[in-house]
$ cat work_9.cif   # mmCIF, C-alpha atoms and all ligand atoms
data_start
loop_
_atom_site.label_atom_id
_atom_site.label_comp_id
_atom_site.auth_asym_id
_atom_site.auth_seq_id
_atom_site.Cartn_x
_atom_site.Cartn_y
_atom_site.Cartn_z
CA MET V 1 0.00 0.00 0.00
CA GLU V 2 1.25 3.51 -0.86
CA PRO V 3 1.79 5.82 2.13
CA SER V 4 -0.87 8.52 2.22
CA SER V 5 0.01 11.99 0.96
CA PHE V 6 -1.39 13.60 4.08
CA SER V 7 0.88 16.49 5.08
CA LEU V 8 0.91 18.68 8.19
CA PRO V 9 1.66 22.41 7.85
CA LEU V 10 4.40 22.30 10.50
CA SER V 11 7.08 24.96 10.75
CA ARG V 12 8.72 23.22 13.71
CA ARG V 13 9.83 19.67 13.02
CA PRO V 14 12.25 18.52 15.77
CA ARG V 15 12.93 15.36 13.77
CA ARG V 16 14.92 17.45 11.25
CA LEU V 17 17.82 17.29 13.71
CA ARG V 18 17.58 13.53 14.05
CA GLN V 19 17.51 12.58 10.38
CA ASN V 20 21.06 11.26 10.06
CA GLN V 21 24.06 10.30 12.14
CA ALA V 22 26.12 13.39 11.24
CA THR V 23 23.40 15.77 12.38
CA ARG V 24 22.70 13.77 15.51
CA GLU V 25 26.38 13.91 16.42
CA MET V 26 26.50 17.68 15.86
CA VAL V 27 23.60 18.45 18.17
CA ARG V 28 24.56 15.98 20.86
CA GLU V 29 24.60 17.75 24.23
CA ILE V 30 26.91 15.63 26.36
CA ARG V 31 29.69 13.13 25.92
CA LEU V 32 31.30 10.64 28.29
CA ALA V 33 34.95 11.67 28.21
CA PRO V 34 37.50 9.28 29.79
CA GLU V 35 38.82 11.93 32.17
CA LYS V 36 35.37 12.21 33.73
CA LEU V 37 35.29 8.50 34.55
CA ILE V 38 36.84 6.95 37.64
CA GLN V 39 37.50 3.21 37.77
CA PRO V 40 37.03 1.45 41.12
CA LEU V 41 39.54 -1.40 41.58
CA PHE V 42 39.60 -4.23 44.12
CA VAL V 43 43.08 -5.03 45.40
CA LEU V 44 44.78 -7.87 47.23
CA ASP V 45 47.99 -7.88 49.26
CA GLU V 46 49.71 -10.36 46.97
CA GLU V 47 52.58 -10.09 44.51
CA SER V 48 50.50 -11.48 41.68
CA ALA V 49 46.83 -12.48 41.64
CA ARG V 50 43.66 -12.16 39.61
CA GLU V 51 40.47 -13.37 41.29
CA PRO V 52 37.12 -13.09 39.53
CA ILE V 53 34.16 -11.86 41.57
CA ASP V 54 31.05 -13.97 40.88
CA SER V 55 28.50 -11.22 41.42
CA MET V 56 30.46 -8.68 39.32
CA PRO V 57 31.10 -10.17 35.86
CA GLY V 58 34.25 -8.78 34.25
CA ILE V 59 35.70 -7.39 37.49
CA ASP V 60 38.65 -9.12 39.20
CA ARG V 61 40.50 -8.55 42.43
CA LEU V 62 44.07 -7.67 41.49
CA GLY V 63 47.48 -8.40 43.00
CA LYS V 64 50.33 -5.86 42.79
CA LYS V 65 51.64 -6.84 39.37
CA GLU V 66 48.14 -6.88 37.86
CA LEU V 67 47.30 -3.54 39.49
CA ILE V 68 50.30 -1.84 37.91
CA GLU V 69 49.42 -3.30 34.50
CA GLU V 70 45.83 -2.18 34.90
CA LEU V 71 46.85 1.35 35.87
CA GLU V 72 49.12 1.62 32.84
CA GLN V 73 46.24 0.56 30.58
CA LEU V 74 43.79 2.94 32.24
CA ALA V 75 46.23 5.84 31.98
CA ASP V 76 46.70 5.10 28.27
CA LEU V 77 42.93 5.19 27.80
CA GLY V 78 42.79 8.66 29.33
CA ILE V 79 41.33 7.69 32.70
CA ARG V 80 42.72 9.98 35.38
CA GLY V 81 41.47 8.48 38.63
CA VAL V 82 41.06 5.07 40.24
CA ALA V 83 39.39 4.25 43.55
CA LEU V 84 41.14 1.45 45.43
CA PHE V 85 39.24 -0.99 47.65
CA PRO V 86 41.17 -3.62 49.61
CA LYS V 87 40.14 -7.14 50.43
CA ILE V 88 42.25 -8.05 53.42
CA ASP V 89 42.98 -11.41 54.96
CA SER V 90 40.29 -12.19 57.54
CA SER V 91 43.01 -12.91 60.13
CA LEU V 92 43.88 -9.17 60.03
CA LYS V 93 40.33 -8.04 60.85
CA THR V 94 39.55 -6.83 64.37
CA GLU V 95 36.62 -5.35 66.29
CA THR V 96 37.61 -1.74 65.57
CA GLY V 97 39.67 -2.23 62.43
CA ARG V 98 42.13 0.32 63.77
CA GLU V 99 45.29 -1.81 63.47
CA ALA V 100 44.89 -2.57 59.77
CA ALA V 101 43.49 0.85 58.81
CA THR V 102 46.27 2.86 60.41
CA ASN V 103 49.18 0.53 59.66
CA PRO V 104 51.76 2.25 57.41
CA GLU V 105 52.65 -1.20 56.05
CA GLY V 106 48.99 -2.01 55.35
CA ILE V 107 47.77 -2.92 51.89
CA ILE V 108 46.71 0.55 50.69
CA PRO V 109 49.83 2.47 51.85
CA SER V 110 52.09 -0.27 50.42
CA LEU V 111 50.33 -0.17 47.08
CA ALA V 112 50.32 3.62 47.04
CA ARG V 113 54.10 3.72 47.50
CA LEU V 114 54.57 1.15 44.76
CA VAL V 115 52.29 2.97 42.32
CA LYS V 116 53.80 6.38 43.01
CA GLU V 117 57.20 5.11 41.85
CA LYS V 118 55.70 4.65 38.39
CA ASP V 119 54.69 8.28 38.14
CA LEU V 120 51.53 7.61 36.10
CA PRO V 121 49.19 10.50 35.19
CA ILE V 122 46.45 9.00 37.35
CA ASN V 123 45.13 9.98 40.78
CA LEU V 124 44.95 7.34 43.47
CA ILE V 125 41.75 7.63 45.44
CA ALA V 126 41.22 5.62 48.62
CA ASP V 127 38.07 5.06 50.62
CA ILE V 128 38.15 6.19 54.23
CA ALA V 129 35.87 3.87 56.23
CA LEU V 130 36.54 0.91 58.48
CA ASP V 131 34.40 -1.78 56.81
CA PRO V 132 37.17 -3.67 54.97
CA TYR V 133 38.98 -3.98 58.30
CA THR V 134 36.29 -4.74 60.90
CA LEU V 135 35.01 -8.20 61.84
CA HIS V 136 31.41 -6.98 61.83
CA GLY V 137 31.59 -5.15 58.48
CA HIS V 138 30.38 -1.80 59.78
CA ASP V 139 32.08 1.41 58.67
CA GLY V 140 32.58 2.53 62.27
CA ILE V 141 33.43 1.30 65.74
CA VAL V 142 30.61 -0.61 67.41
CA ASP V 143 29.92 -0.23 71.13
CA PRO V 144 30.02 -3.82 72.36
CA ALA V 145 27.39 -3.16 75.04
CA SER V 146 24.74 -1.28 73.06
CA GLY V 147 25.59 -2.17 69.46
CA GLU V 148 25.62 1.56 68.65
CA ILE V 149 28.04 2.78 65.95
CA LEU V 150 30.18 5.25 67.89
CA ASN V 151 30.59 8.48 65.97
CA ASP V 152 33.42 10.42 67.59
CA PRO V 153 35.80 7.52 68.33
CA THR V 154 35.33 6.43 64.71
CA VAL V 155 36.19 9.89 63.39
CA GLU V 156 39.41 9.84 65.41
CA VAL V 157 40.50 6.62 63.68
CA LEU V 158 39.39 7.82 60.24
CA ALA V 159 41.58 10.90 60.53
CA GLU V 160 44.56 8.73 61.43
CA MET V 161 43.74 6.45 58.51
CA ALA V 162 43.52 9.36 56.06
CA VAL V 163 46.92 10.69 57.14
CA ASN V 164 48.40 7.18 56.90
CA TYR V 165 47.12 6.80 53.34
CA ALA V 166 48.04 10.30 52.19
CA GLU V 167 51.56 10.06 53.59
CA ALA V 168 52.09 6.95 51.48
CA GLY V 169 51.04 8.75 48.31
CA VAL V 170 47.25 8.49 48.05
CA ASP V 171 46.20 11.65 46.16
CA TRP V 172 42.53 11.84 47.13
CA VAL V 173 40.91 10.51 50.27
CA ALA V 174 37.24 9.65 50.01
CA PRO V 175 35.48 9.33 53.37
CA SER V 176 32.58 6.93 52.77
CA ASP V 177 31.60 6.28 56.37
CA MET V 178 28.89 8.94 56.92
CA MET V 179 30.01 9.78 60.48
CA ASP V 180 29.18 13.32 61.60
CA GLY V 181 32.01 15.84 61.52
CA ARG V 182 34.56 13.66 59.77
CA ILE V 183 35.41 15.95 56.89
CA GLY V 184 36.53 18.81 59.14
CA VAL V 185 38.58 16.54 61.39
CA ILE V 186 40.22 14.79 58.41
CA ARG V 187 41.02 18.16 56.75
CA ASP V 188 42.67 19.43 59.94
CA ALA V 189 44.61 16.21 60.45
CA LEU V 190 45.91 16.30 56.87
CA ASP V 191 46.87 19.95 57.12
CA ASP V 192 48.62 19.40 60.47
CA SER V 193 50.67 16.63 58.84
CA GLY V 194 51.84 18.81 55.97
CA LEU V 195 49.35 17.23 53.56
CA ALA V 196 47.46 20.34 52.51
CA ASN V 197 47.42 19.16 48.87
CA THR V 198 45.49 15.96 49.56
CA VAL V 199 42.05 16.26 47.98
CA ILE V 200 38.97 15.23 49.95
CA MET V 201 36.21 13.74 47.82
CA ALA V 202 33.39 13.34 50.34
CA TYR V 203 30.73 10.69 50.04
CA SER V 204 28.26 13.33 51.16
CA ALA V 205 24.88 11.97 50.11
CA LYS V 206 25.44 8.27 50.63
CA PHE V 207 22.21 6.35 51.00
CA ALA V 208 21.55 3.10 52.88
CA SER V 209 21.12 1.16 49.68
CA ALA V 210 20.32 -2.39 48.62
CA TYR V 211 22.64 -1.87 45.65
CA TYR V 212 25.89 -2.40 47.60
CA GLY V 213 25.52 -6.20 47.79
CA PRO V 214 28.04 -7.26 45.11
CA PHE V 215 30.63 -4.81 46.46
CA ARG V 216 30.44 -6.47 49.85
CA ASP V 217 31.27 -9.79 48.15
CA ALA V 218 34.17 -8.11 46.40
CA VAL V 219 35.84 -6.69 49.51
CA GLY V 220 34.68 -9.51 51.74
CA SER V 221 32.99 -7.06 54.11
CA ALA V 222 29.88 -9.21 54.47
CA PRO V 223 30.09 -10.31 58.10
CA PRO V 224 29.06 -13.68 59.53
CA ILE V 225 26.13 -11.92 61.24
CA GLY V 226 23.96 -9.79 58.97
CA GLY V 227 25.72 -10.96 55.83
CA LYS V 228 25.98 -8.74 52.80
CA TYR V 229 22.64 -7.12 53.50
CA LEU V 230 23.99 -5.64 56.74
CA ASP V 231 21.84 -2.72 57.86
CA LYS V 232 23.75 0.59 57.90
CA SER V 233 20.74 2.84 58.34
CA SER V 234 21.93 4.41 61.58
CA TYR V 235 24.59 6.28 59.58
CA GLN V 236 23.79 6.10 55.84
CA LEU V 237 20.91 8.26 54.57
CA PRO V 238 17.31 7.06 54.23
CA PRO V 239 16.32 6.77 50.54
CA THR V 240 13.18 8.79 51.33
CA ASN V 241 14.95 11.99 52.41
CA VAL V 242 16.12 14.67 50.00
CA ARG V 243 16.37 17.54 52.48
CA GLU V 244 18.39 15.46 54.89
CA ALA V 245 20.81 14.71 52.04
CA MET V 246 21.18 18.46 51.40
CA VAL V 247 22.07 18.99 55.07
CA GLU V 248 24.88 16.45 54.69
CA VAL V 249 26.15 18.09 51.50
CA ASP V 250 26.15 21.57 53.08
CA LEU V 251 28.04 20.29 56.13
CA ASP V 252 30.71 18.56 54.04
CA ILE V 253 31.23 21.68 51.96
CA HIS V 254 31.41 23.82 55.08
CA GLU V 255 33.92 21.43 56.66
CA GLY V 256 36.23 21.59 53.64
CA ALA V 257 35.29 18.93 51.06
CA ASP V 258 36.82 19.62 47.63
CA ILE V 259 34.38 17.38 45.75
CA VAL V 260 30.98 16.14 46.94
CA MET V 261 29.55 12.79 45.96
CA VAL V 262 26.13 11.22 45.56
CA LYS V 263 25.83 7.44 45.88
CA PRO V 264 24.25 5.32 44.42
CA ALA V 265 23.85 7.24 41.16
CA GLY V 266 21.14 5.90 38.83
CA PRO V 267 18.36 5.66 41.43
CA TYR V 268 19.31 9.11 42.82
CA LEU V 269 19.41 11.34 39.72
CA ASP V 270 17.18 13.90 41.44
CA ILE V 271 19.73 14.20 44.24
CA ILE V 272 22.59 14.63 41.75
CA ARG V 273 20.66 17.45 40.06
CA ARG V 274 19.86 19.13 43.37
CA VAL V 275 23.50 19.03 44.49
CA ARG V 276 24.70 20.28 41.10
CA GLU V 277 22.43 23.30 41.39
CA ARG V 278 23.21 23.88 45.04
CA CYS V 279 26.99 24.35 44.92
CA GLU V 280 29.84 25.24 42.59
CA LEU V 281 32.14 22.36 43.56
CA PRO V 282 32.67 19.39 41.28
CA VAL V 283 29.96 16.80 41.90
CA ALA V 284 30.80 13.11 41.69
CA ALA V 285 28.33 10.24 41.47
CA TYR V 286 29.02 6.56 42.17
CA GLN V 287 27.30 4.04 39.95
CA VAL V 288 27.57 1.24 42.49
CA SER V 289 28.11 -2.49 42.21
CA GLY V 290 24.41 -3.41 42.18
CA GLU V 291 23.70 -0.99 39.34
CA TYR V 292 26.54 -2.59 37.37
CA SER V 293 25.56 -6.16 38.13
CA MET V 294 21.87 -5.63 37.33
CA ILE V 295 22.74 -4.53 33.81
CA HIS V 296 25.02 -7.53 33.38
CA ALA V 297 22.49 -9.98 34.76
CA SER V 298 19.61 -8.85 32.60
CA ALA V 299 21.79 -8.66 29.50
CA GLN V 300 22.98 -12.21 30.17
CA LYS V 301 19.36 -13.30 30.16
CA GLY V 302 18.86 -11.52 26.85
CA TRP V 303 16.36 -9.10 28.37
CA ILE V 304 18.21 -5.88 27.56
CA ASP V 305 20.96 -4.88 25.16
CA TYR V 306 24.17 -4.70 27.19
CA LYS V 307 26.05 -1.86 25.48
CA SER V 308 23.13 0.46 25.02
CA ALA V 309 21.88 -0.07 28.59
CA ARG V 310 25.40 0.53 29.88
CA ASN V 311 25.84 3.74 27.90
CA GLU V 312 22.37 4.98 28.69
CA SER V 313 22.88 4.44 32.42
CA LEU V 314 26.07 6.53 32.38
CA THR V 315 24.63 9.18 30.10
CA ALA V 316 21.72 9.68 32.50
CA ILE V 317 24.09 10.19 35.44
CA HIS V 318 26.19 12.68 33.50
CA ARG V 319 23.10 14.49 32.21
CA ALA V 320 21.68 14.78 35.73
CA GLY V 321 24.74 16.86 36.59
CA ALA V 322 27.57 14.58 37.71
CA ASP V 323 30.94 16.00 36.64
CA LEU V 324 32.77 12.84 37.66
CA ILE V 325 31.40 9.31 37.59
CA LEU V 326 32.75 6.34 39.49
CA SER V 327 31.70 3.30 37.52
CA TYR V 328 32.82 -0.29 37.04
CA PHE V 329 32.15 0.29 33.34
CA SER V 330 34.73 3.09 33.12
CA LYS V 331 37.54 1.17 31.44
CA GLU V 332 35.22 -0.45 28.94
CA VAL V 333 33.55 2.82 28.02
CA ALA V 334 36.89 4.65 27.72
CA SER V 335 38.10 1.96 25.33
CA SER V 336 35.00 1.97 23.13
C1 LIG V 401 32.01 1.17 52.30
C2 LIG V 401 31.70 1.35 50.87
C3 LIG V 401 30.65 0.70 50.22
C4 LIG V 401 30.76 1.03 48.88
C5 LIG V 401 31.85 1.89 48.73
N1 LIG V 401 32.42 2.09 49.98
C6 LIG V 401 29.63 -0.26 50.72
C7 LIG V 401 28.87 0.01 51.93
O1 LIG V 401 28.66 1.15 52.34
O2 LIG V 401 28.47 -0.99 52.52
C8 LIG V 401 29.83 0.49 47.84
C9 LIG V 401 30.26 0.57 46.45
C10 LIG V 401 29.53 -0.33 45.54
O3 LIG V 401 28.52 -0.97 45.87
O4 LIG V 401 29.99 -0.41 44.40
N2 LIG V 401 32.34 2.24 53.05
#

$ encode --input "work_9.cif" --output "structure tokens"
Amino acid sequence: MEPSSFSLPLSRRPRRLRQNQATREMVREIRLAPEKLIQPLFVLDEESAREPIDSMPGIDRLGKKELIEELEQLADLGIRGVALFPKIDSSLKTETGREAATNPEGIIPSLARLVKEKDLPINLIADIALDPYTLHGHDGIVDPASGEILNDPTVEVLAEMAVNYAEAGVDWVAPSDMMDGRIGVIRDALDDSGLANTVIMAYSAKFASAYYGPFRDAVGSAPPIGGKYLDKSSYQLPPTNVREAMVEVDLDIHEGADIVMVKPAGPYLDIIRRVRERCELPVAAYQVSGEYSMIHASAQKGWIDYKSARNESLTAIHRAGADLILSYFSKEVASS
């Protein structure tokens, strides 16, 4: 059948700008540049190792040799930041995590010294929180009597941890613990130790999320009690509360954060937009492990197209206002 000759008298036809690839490229509003992407990496205190993580297809825990190789590849691709997460031997875990977190010979300081010798054009970012080091998997110190996560004693250890990491060569510290007052105390501790150039990227609006499950497998922070669905709602934000998130962001900025972060990213695009409009600092967003693994799992089932879902998820986060994106897809996207 011939198409009808019906014709609308339209002067505005938005489809004119979508009629071919060249035009679409010219009017495209945003682009995922490699220097805006940060790759999280899981690391082991071993000379050489590569351990796959079941719940995170395509992501391995890396030993020292593999980490250096990975960093060289990422730097060549134009990626300028990596976030390191350690999986430590369970025999090194303690109730408070203090010993491992503040040990200058610990896994992160040792790796930082090793990497710094290579002088790669890539910033080393390290999480500041106690969960990889505590037996119970919480980010802070737990009062044995009440079970309460103790704010101020935790902040004291976090500041020591940040100085320990920065002295070894970590370029950015990223407090992810959500204790009150930690940014100010960490800033002072760094400055008092002659580390005024260390950047603080604050996990400011970090929500108590179901999407952290695969990460807890990766760092082995799922404790015997509570498992990987451990409840952190006495310190992480409730997913219902936007204004409360803004209070956290304002405090972190006031206390000296250089970059503020929203986490998770995809389910919190409204928060990213609010933070972007609220301040003039760079805004980071963390597309977390569960967001990554959901895309993989449904693509494996043939329910969505992997590459387009991956790119769309990152585009949405960038479009919402994130200047920097932490994503397990970073390397792949930078190489495509
Ligand atoms: C812990 C930390 C978590 C993540 C980054 N740092 C997990 C948690 O709070 O339990 C999650 C990242 C991810 O899921 O990819 N301080």

$ residues_near_ligand --input "work_9.cif" --ligand "ligand LIG 401 (chain V)" --cutoff "6 Å" --atoms "only C-alpha atoms and all ligand atoms" --output "compact mmCIF listing (two decimals) with C-alpha atoms, in the coordinates of the input"
# COMPACT_ATOMS: atom_id res chain seq x y z
CA ALA V 129 35.87 3.87 56.23
CA ASP V 131 34.40 -1.78 56.81
CA ASP V 139 32.08 1.41 58.67
CA SER V 176 32.58 6.93 52.77
CA ASP V 177 31.60 6.28 56.37
CA TYR V 211 22.64 -1.87 45.65
CA TYR V 212 25.89 -2.40 47.60
CA PHE V 215 30.63 -4.81 46.46
CA VAL V 288 27.57 1.24 42.49
CA SER V 289 28.11 -2.49 42.21

$ residues_near_point --input "work_9.cif" --point "(41.4, -2.6, 62.5)" --cutoff "12 Å" --atoms "all atoms listed in the file" --output "ChimeraX atom specification"
/V:88-103,106,129-141,154,157-158,160-161

$ atom_distance --input "work_9.cif" --atom1 "atom CA of Ser209 of chain V" --atom2 "atom CA of Gln236 of chain V"
8.3 Å

$ closest_residue --input "work_9.cif" --among "V:Ala174, V:Ile68, V:Met246, V:Ile30" --to "Ser48 of chain V" --atoms "all atoms listed in the file"
V:Ile68

$ atom_distance --input "work_9.cif" --atom1 "atom CA of Val115 of chain V" --atom2 "atom CA of Arg310 of chain V"
29.7 Å

$ residues_around --input "work_9.cif" --residues "segment 317-329 of chain V" --least-positions-apart "3" --cutoff "8 Å" --atoms "all atoms listed in the file" --output "ChimeraX atom specification"
/V:30,32,36-40,59,265-266,269-270,272-273,276,282-289,292,310,313-314,332-333

$ decode --input "work_9.cif" --residues "segment 175-215 of chain V" --atoms "C-alpha atoms" --output "compact mmCIF listing (two decimals), in the first residue's frame"
# COMPACT_ATOMS: atom_id res chain seq x y z
CA PRO V 175 35.48 9.33 53.37
CA SER V 176 32.58 6.93 52.77
CA ASP V 177 31.60 6.28 56.37
CA MET V 178 28.89 8.94 56.92
CA MET V 179 30.01 9.78 60.48
CA ASP V 180 29.18 13.32 61.60
CA GLY V 181 32.01 15.84 61.52
CA ARG V 182 34.56 13.66 59.77
CA ILE V 183 35.41 15.95 56.89
CA GLY V 184 36.53 18.81 59.14
CA VAL V 185 38.58 16.54 61.39
CA ILE V 186 40.22 14.79 58.41
CA ARG V 187 41.02 18.16 56.75
CA ASP V 188 42.67 19.43 59.94
CA ALA V 189 44.61 16.21 60.45
CA LEU V 190 45.91 16.30 56.87
CA ASP V 191 46.87 19.95 57.12
CA ASP V 192 48.62 19.40 60.47
CA SER V 193 50.67 16.63 58.84
CA GLY V 194 51.84 18.81 55.97
CA LEU V 195 49.35 17.23 53.56
CA ALA V 196 47.46 20.34 52.51
CA ASN V 197 47.42 19.16 48.87
CA THR V 198 45.49 15.96 49.56
CA VAL V 199 42.05 16.26 47.98
CA ILE V 200 38.97 15.23 49.95
CA MET V 201 36.21 13.74 47.82
CA ALA V 202 33.39 13.34 50.34
CA TYR V 203 30.73 10.69 50.04
CA SER V 204 28.26 13.33 51.16
CA ALA V 205 24.88 11.97 50.11
CA LYS V 206 25.44 8.27 50.63
CA PHE V 207 22.21 6.35 51.00
CA ALA V 208 21.55 3.10 52.88
CA SER V 209 21.12 1.16 49.68
CA ALA V 210 20.32 -2.39 48.62
CA TYR V 211 22.64 -1.87 45.65
CA TYR V 212 25.89 -2.40 47.60
CA GLY V 213 25.52 -6.20 47.79
CA PRO V 214 28.04 -7.26 45.11
CA PHE V 215 30.63 -4.81 46.46
